[in-house]
Amino acid sequence: MIPPLSLRGVSVRYGDRPALSDVSWDAVPGLTAILGPNGAGKSTLLRAALGLVPATGEVRFFGRPLADVRNRVAFLPQRASVDWDFPATALDVVGMARLPRLRRWWGGLPGPDRDAALSALDSVGMADFAGRQIGRLSGGQQQRVFLARALAQGADLFLMDEPLAAVDAVTERAILAVLHRLVDEGKTVLMVHHDLSLVSEHFTDVLLLAGRVVAAGPVREAFTEDSVARAFGGLPRMMVA
Amino acid sequence: MIGHNTLIVLLGCVALGLAAGVVGCFALLRGRALLADAIGHAALPGVVAAALLTAALGGEARALGPLLLGGALSALLGLWALRILTASGRIRADAGIAVVLSAFYALGTVGLSVAQAIPGAAQAGLPHFILGQAATLTTNDALVAAALALGAVGAVLALFQPLRALCFDEAHAASLGLPVRRLDALLLALILLVTVAGLPAVGLILVVALLIVPAAAARLVTRRLPGMVALAGGLGALAGVAGALASQRLPELPTGAAVVLAGLVFFALALLLRRPA
């Protein structure tokens with residue numbers, strides 16, 4: 001099988017500081033948690049794969065360069081990375097995912113793309129908020145709008161940067177339900193994640209990072225007390241199943 | 001009674017105000033407000049140099065085309081200087097803008113005092129570039145400014161969707177494969193175009209306000225970008241009318257000041273009408 005994402009010898013430096021060294025890893029369909037301490041290079045890995053930060057090494061999506069398969073790859077950045085006071089409704093934001101499919105770049109969204117955006121909002125339980133200005137949504141609702149934007153792209157691979165950071169319990173359940181549905185449909189979700197307690201219950205695979213790959217594979221094999229200790233420097237042992 | 005020339009000047013100012021309002025929305029949302037100020041100030045040495053060069057070549061120093069071209073070139077030089085200053089990360093954008101803005105303005109002021117002593121160049125009406133004087137525009141000047149302004153509006157409308165995506169979430173737009181660098185450069189070019197086109201009428205000191213004040217006022221009372229852009233364009237056009245009329249009736253009043261004061265009235269109204277957060 002061709003892996004949805006394949007990294008070979010990927011390295012990233014920020015100035016003099018190496019952020020990611022020689023990462024070789026193949027993603028598999030399912031729900032993968034990308035774990036590691038602060039500064040381990042988790043977000044950097046996603047951004048390097050997408051070409052948003054300069055990196056060396058080889059990146060393949062479904063066996064091809066990203067430019068060939070853009071529509072199959074959806075990116076969900078950290079919620080805090082944008083200005084939520086921006087003059088846009090939830091539907092406006094979700095509709096942005098349809099841009100590569102538009103034949104013209106002026107005016108409003110064509111009917112089918114608008115329907116796709118509305119249906120994505122519906123699948124995260126936000127259909128009633130389509131016309132709401134995004135600044136007037138709660139943090140959890142904003143995160144669900146971001147998830148809907150990723151869904152509206154109609155992708156097969158999702159790269160998500162901490163979609164469960166600082167959300168309420170209701171939002172967490174709603175987001176996890178959507179992710180499980182994606183996995184059931186055979187999609188691949190790679191998710192930068194902080195909370196080790198959720199890993200055994202919800203994820204199929206892990207990638208443990210500490211500036212390099214510490215461990216990778218199915219949760220049962222790779223998410224061990226020993227690998228977590230090596231990634232985190234021995235701190236949160238009690239979290240491991 | 002409004003004469004033919006007055007009418008053309010009026011229309012020129014309306015087009016400028018419209019363009020400034022429309023482009024200003026994106027400048028505001030992309031955090032480029034101060035950059036517009038730097039562009040206006042950095043244009044002065046180029047305007048002066050163009051007047052001197054035209055006079056030396058025996059041309060008509062008052063012709064607007066060469067003056068605006070010179071202004072645009074030196075504004076580009078200013079942006080390039082800013083990029084070099086901030087490249088190391090040691091000097092942040094605000095400090096870099098302060099350095100570039102004052103350095104180019106000082107250079108331009110010195111050039112201005114030289115040019116005023118030279119017959120030919122002294123007739124170019126260069127002091128008007130500082131505070132603006134719409135009433136001194138010729139029909140041709142107004143048409144040039146209006147054409148530039150309407151071109152900028154057309155470009156923004158044609159690329160509305162990707163420009164909005166760029167301003168809201170650059171990383172996501174890039175992940176979709178949108179040409180974010182080229183879009184960003186285009187937006188900067190549009191800001192430069194409108195700023196330079198507005199110099200003769202509004203003046204370099206206050207031209208930034210024509211870009212930012214209508215956009216800021218519109219942002220307070222709208223919840224979606226299409227509405228914000230339409231309202232900012234309308235307010236900008238109204239401010240342009242107010243400035244042109246004031247300049248016509250009270251020739252000693254700088255147009256820039258009249259335009260900006262009109263814009264600020266709209267801004268105050270918007271503050272009062274603002275939707276609750």
# chains A, B, ... in the order shown; residues from 1 in each chain; ligands from 1
call {"tool": "select_by_dssp", "arguments": {"residues": "range 5-209 of chain A", "states": "helix (DSSP H, G or I)", "output": "JSON, numbers by chain"}}
result
{"A": [42, 43, 44, 45, 46, 47, 48, 49, 66, 67, 68, 70, 71, 72, 79, 80, 81, 90, 91, 92, 93, 94, 95, 96, 97, 98, 99, 100, 101, 111, 112, 113, 114, 115, 116, 117, 118, 119, 120, 121, 122, 123, 127, 128, 129, 134, 135, 136, 139, 140, 141, 142, 143, 144, 145, 146, 147, 148, 149, 150, 151, 152, 169, 170, 171, 172, 173, 174, 175, 176, 177, 178, 179, 180, 181, 182, 183, 184, 196, 197, 198, 199, 200, 201, 202]}
call {"tool": "residues_around", "arguments": {"residues": "range 180-186 of chain A", "least_positions_apart": "3", "cutoff": "7 Å", "atoms": "only C-alpha atoms", "output": "list in words"}}
result
Pro29, Gly30, Leu31, Leu176 and Ala177 of chain A
call {"tool": "closest_residue", "arguments": {"among": "A:Arg70, A:Arg149, A:Arg220, A:Arg60", "to": "Met96 in chain A", "atoms": "only C-alpha atoms"}}
result
A:Arg149
call {"tool": "closest_residue", "arguments": {"among": "B:Ser88, B:Ser74, B:Thr136, B:Gln123", "to": "Pro45 in chain B", "atoms": "only C-alpha atoms"}}
result
B:Ser74
call {"tool": "interface_residues", "arguments": {"of": "chain B", "to": "chain A", "cutoff": "8 Å", "atoms": "only C-alpha atoms", "output": "list of chain:residue names"}}
result
B:Leu29, B:Leu157, B:Ala158, B:Leu159, B:Phe160, B:Gln161, B:Pro162, B:Ala165, B:Phe168, B:Asp169, B:Ala171, B:His172, B:Ala174, B:Ser175, B:Leu176, B:Gly177, B:Leu178, B:Arg219, B:Thr222, B:Arg223, B:Arg224, B:Leu225, B:Met228, B:Ala277
call {"tool": "closest_residue", "arguments": {"among": "B:Leu52, B:Ala95, B:Leu220, B:Leu231", "to": "Ala117 in chain B", "atoms": "only C-alpha atoms"}}
result
B:Leu52
call {"tool": "closest_residue", "arguments": {"among": "B:Val153, B:Ala217, B:Leu107, B:Leu235", "to": "Leu190 in chain B", "atoms": "only C-alpha atoms"}}
result
B:Val153
call {"tool": "closest_residue", "arguments": {"among": "A:Gly57, A:Pro163, A:Pro65, A:Pro218", "to": "Thr32 in chain A", "atoms": "only C-alpha atoms"}}
result
A:Pro218
call {"tool": "decode", "arguments": {"residues": "range 120-134 of chain A", "atoms": "all heavy atoms", "output": "PDB file, in the first residue's frame"}}
result
ATOM      1  N   ALA A 120     -20.545  20.402   5.686  1.00  0.00           N
ATOM      2  CA  ALA A 120     -19.404  20.224   6.604  1.00  0.00           C
ATOM      3  C   ALA A 120     -19.731  20.837   7.970  1.00  0.00           C
ATOM      4  O   ALA A 120     -19.429  20.254   9.016  1.00  0.00           O
ATOM      5  CB  ALA A 120     -18.152  20.856   6.018  1.00  0.00           C
ATOM      6  N   LEU A 121     -20.365  22.012   7.961  1.00  0.00           N
ATOM      7  CA  LEU A 121     -20.769  22.636   9.229  1.00  0.00           C
ATOM      8  C   LEU A 121     -21.768  21.752   9.962  1.00  0.00           C
ATOM      9  O   LEU A 121     -21.716  21.593  11.186  1.00  0.00           O
ATOM     10  CB  LEU A 121     -21.383  24.017   8.968  1.00  0.00           C
ATOM     11  CG  LEU A 121     -20.412  25.186   8.875  1.00  0.00           C
ATOM     12  CD1 LEU A 121     -21.114  26.426   8.359  1.00  0.00           C
ATOM     13  CD2 LEU A 121     -19.780  25.460  10.234  1.00  0.00           C
ATOM     14  N   ASP A 122     -22.674  21.145   9.202  1.00  0.00           N
ATOM     15  CA  ASP A 122     -23.678  20.276   9.791  1.00  0.00           C
ATOM     16  C   ASP A 122     -23.029  19.063  10.451  1.00  0.00           C
ATOM     17  O   ASP A 122     -23.414  18.645  11.540  1.00  0.00           O
ATOM     18  CB  ASP A 122     -24.661  19.834   8.689  1.00  0.00           C
ATOM     19  CG  ASP A 122     -25.855  19.107   9.274  1.00  0.00           C
ATOM     20  OD1 ASP A 122     -26.319  19.529  10.358  1.00  0.00           O
ATOM     21  OD2 ASP A 122     -26.295  18.115   8.675  1.00  0.00           O
ATOM     22  N   SER A 123     -21.986  18.524   9.815  1.00  0.00           N
ATOM     23  CA  SER A 123     -21.386  17.300  10.344  1.00  0.00           C
ATOM     24  C   SER A 123     -20.577  17.556  11.622  1.00  0.00           C
ATOM     25  O   SER A 123     -20.212  16.608  12.309  1.00  0.00           O
ATOM     26  CB  SER A 123     -20.520  16.614   9.290  1.00  0.00           C
ATOM     27  OG  SER A 123     -19.473  17.451   8.910  1.00  0.00           O
ATOM     28  N   VAL A 124     -20.280  18.811  11.944  1.00  0.00           N
ATOM     29  CA  VAL A 124     -19.642  19.094  13.246  1.00  0.00           C
ATOM     30  C   VAL A 124     -20.654  19.723  14.209  1.00  0.00           C
ATOM     31  O   VAL A 124     -20.277  20.292  15.237  1.00  0.00           O
ATOM     32  CB  VAL A 124     -18.408  20.015  13.114  1.00  0.00           C
ATOM     33  CG1 VAL A 124     -17.344  19.358  12.252  1.00  0.00           C
ATOM     34  CG2 VAL A 124     -18.782  21.374  12.536  1.00  0.00           C
ATOM     35  N   GLY A 125     -21.937  19.648  13.839  1.00  0.00           N
ATOM     36  CA  GLY A 125     -22.990  20.155  14.723  1.00  0.00           C
ATOM     37  C   GLY A 125     -23.059  21.666  14.780  1.00  0.00           C
ATOM     38  O   GLY A 125     -23.489  22.249  15.778  1.00  0.00           O
ATOM     39  N   MET A 126     -22.646  22.338  13.697  1.00  0.00           N
ATOM     40  CA  MET A 126     -22.615  23.808  13.714  1.00  0.00           C
ATOM     41  C   MET A 126     -23.535  24.406  12.644  1.00  0.00           C
ATOM     42  O   MET A 126     -23.386  25.576  12.278  1.00  0.00           O
ATOM     43  CB  MET A 126     -21.184  24.309  13.491  1.00  0.00           C
ATOM     44  CG  MET A 126     -20.235  24.057  14.655  1.00  0.00           C
ATOM     45  SD  MET A 126     -20.603  25.118  16.062  1.00  0.00           S
ATOM     46  CE  MET A 126     -20.107  26.706  15.390  1.00  0.00           C
ATOM     47  N   ALA A 127     -24.481  23.617  12.145  1.00  0.00           N
ATOM     48  CA  ALA A 127     -25.334  24.092  11.055  1.00  0.00           C
ATOM     49  C   ALA A 127     -26.102  25.347  11.458  1.00  0.00           C
ATOM     50  O   ALA A 127     -26.305  26.254  10.640  1.00  0.00           O
ATOM     51  CB  ALA A 127     -26.307  22.993  10.624  1.00  0.00           C
ATOM     52  N   ASP A 128     -26.490  25.434  12.728  1.00  0.00           N
ATOM     53  CA  ASP A 128     -27.288  26.588  13.160  1.00  0.00           C
ATOM     54  C   ASP A 128     -26.461  27.864  13.271  1.00  0.00           C
ATOM     55  O   ASP A 128     -27.009  28.937  13.493  1.00  0.00           O
ATOM     56  CB  ASP A 128     -27.931  26.295  14.525  1.00  0.00           C
ATOM     57  CG  ASP A 128     -28.965  25.189  14.416  1.00  0.00           C
ATOM     58  OD1 ASP A 128     -29.403  24.918  13.284  1.00  0.00           O
ATOM     59  OD2 ASP A 128     -29.316  24.604  15.463  1.00  0.00           O
ATOM     60  N   PHE A 129     -25.132  27.741  13.160  1.00  0.00           N
ATOM     61  CA  PHE A 129     -24.276  28.906  13.366  1.00  0.00           C
ATOM     62  C   PHE A 129     -23.628  29.382  12.063  1.00  0.00           C
ATOM     63  O   PHE A 129     -22.702  30.179  12.087  1.00  0.00           O
ATOM     64  CB  PHE A 129     -23.176  28.578  14.378  1.00  0.00           C
ATOM     65  CG  PHE A 129     -23.711  28.255  15.745  1.00  0.00           C
ATOM     66  CD1 PHE A 129     -24.027  26.943  16.085  1.00  0.00           C
ATOM     67  CD2 PHE A 129     -23.913  29.260  16.682  1.00  0.00           C
ATOM     68  CE1 PHE A 129     -24.533  26.641  17.340  1.00  0.00           C
ATOM     69  CE2 PHE A 129     -24.411  28.964  17.939  1.00  0.00           C
ATOM     70  CZ  PHE A 129     -24.727  27.652  18.272  1.00  0.00           C
ATOM     71  N   ALA A 130     -24.121  28.893  10.908  1.00  0.00           N
ATOM     72  CA  ALA A 130     -23.474  29.197   9.626  1.00  0.00           C
ATOM     73  C   ALA A 130     -23.344  30.706   9.407  1.00  0.00           C
ATOM     74  O   ALA A 130     -22.326  31.185   8.923  1.00  0.00           O
ATOM     75  CB  ALA A 130     -24.249  28.561   8.483  1.00  0.00           C
ATOM     76  N   GLY A 131     -24.386  31.464   9.772  1.00  0.00           N
ATOM     77  CA  GLY A 131     -24.373  32.900   9.516  1.00  0.00           C
ATOM     78  C   GLY A 131     -23.813  33.729  10.654  1.00  0.00           C
ATOM     79  O   GLY A 131     -23.823  34.956  10.599  1.00  0.00           O
ATOM     80  N   ARG A 132     -23.306  33.059  11.707  1.00  0.00           N
ATOM     81  CA  ARG A 132     -22.796  33.784  12.875  1.00  0.00           C
ATOM     82  C   ARG A 132     -21.388  34.321  12.590  1.00  0.00           C
ATOM     83  O   ARG A 132     -20.565  33.623  12.004  1.00  0.00           O
ATOM     84  CB  ARG A 132     -22.771  32.830  14.076  1.00  0.00           C
ATOM     85  CG  ARG A 132     -22.270  33.404  15.386  1.00  0.00           C
ATOM     86  CD  ARG A 132     -23.294  34.225  16.116  1.00  0.00           C
ATOM     87  NE  ARG A 132     -24.488  33.495  16.542  1.00  0.00           N
ATOM     88  CZ  ARG A 132     -24.649  32.997  17.771  1.00  0.00           C
ATOM     89  NH1 ARG A 132     -23.691  33.095  18.670  1.00  0.00           N
ATOM     90  NH2 ARG A 132     -25.774  32.393  18.092  1.00  0.00           N
ATOM     91  N   GLN A 133     -21.124  35.567  13.006  1.00  0.00           N
ATOM     92  CA  GLN A 133     -19.770  36.112  12.872  1.00  0.00           C
ATOM     93  C   GLN A 133     -18.832  35.310  13.771  1.00  0.00           C
ATOM     94  O   GLN A 133     -19.181  34.997  14.921  1.00  0.00           O
ATOM     95  CB  GLN A 133     -19.778  37.596  13.270  1.00  0.00           C
ATOM     96  CG  GLN A 133     -18.699  38.418  12.584  1.00  0.00           C
ATOM     97  CD  GLN A 133     -17.529  38.710  13.494  1.00  0.00           C
ATOM     98  OE1 GLN A 133     -17.731  39.062  14.632  1.00  0.00           O
ATOM     99  NE2 GLN A 133     -16.320  38.546  12.993  1.00  0.00           N
ATOM    100  N   ILE A 134     -17.665  34.939  13.256  1.00  0.00           N
ATOM    101  CA  ILE A 134     -16.811  33.979  13.971  1.00  0.00           C
ATOM    102  C   ILE A 134     -16.339  34.498  15.325  1.00  0.00           C
ATOM    103  O   ILE A 134     -16.095  33.721  16.233  1.00  0.00           O
ATOM    104  CB  ILE A 134     -15.592  33.556  13.121  1.00  0.00           C
ATOM    105  CG1 ILE A 134     -14.851  34.783  12.593  1.00  0.00           C
ATOM    106  CG2 ILE A 134     -16.037  32.646  11.981  1.00  0.00           C
ATOM    107  CD1 ILE A 134     -13.552  34.447  11.895  1.00  0.00           C
TER     108      ILE A 134
END
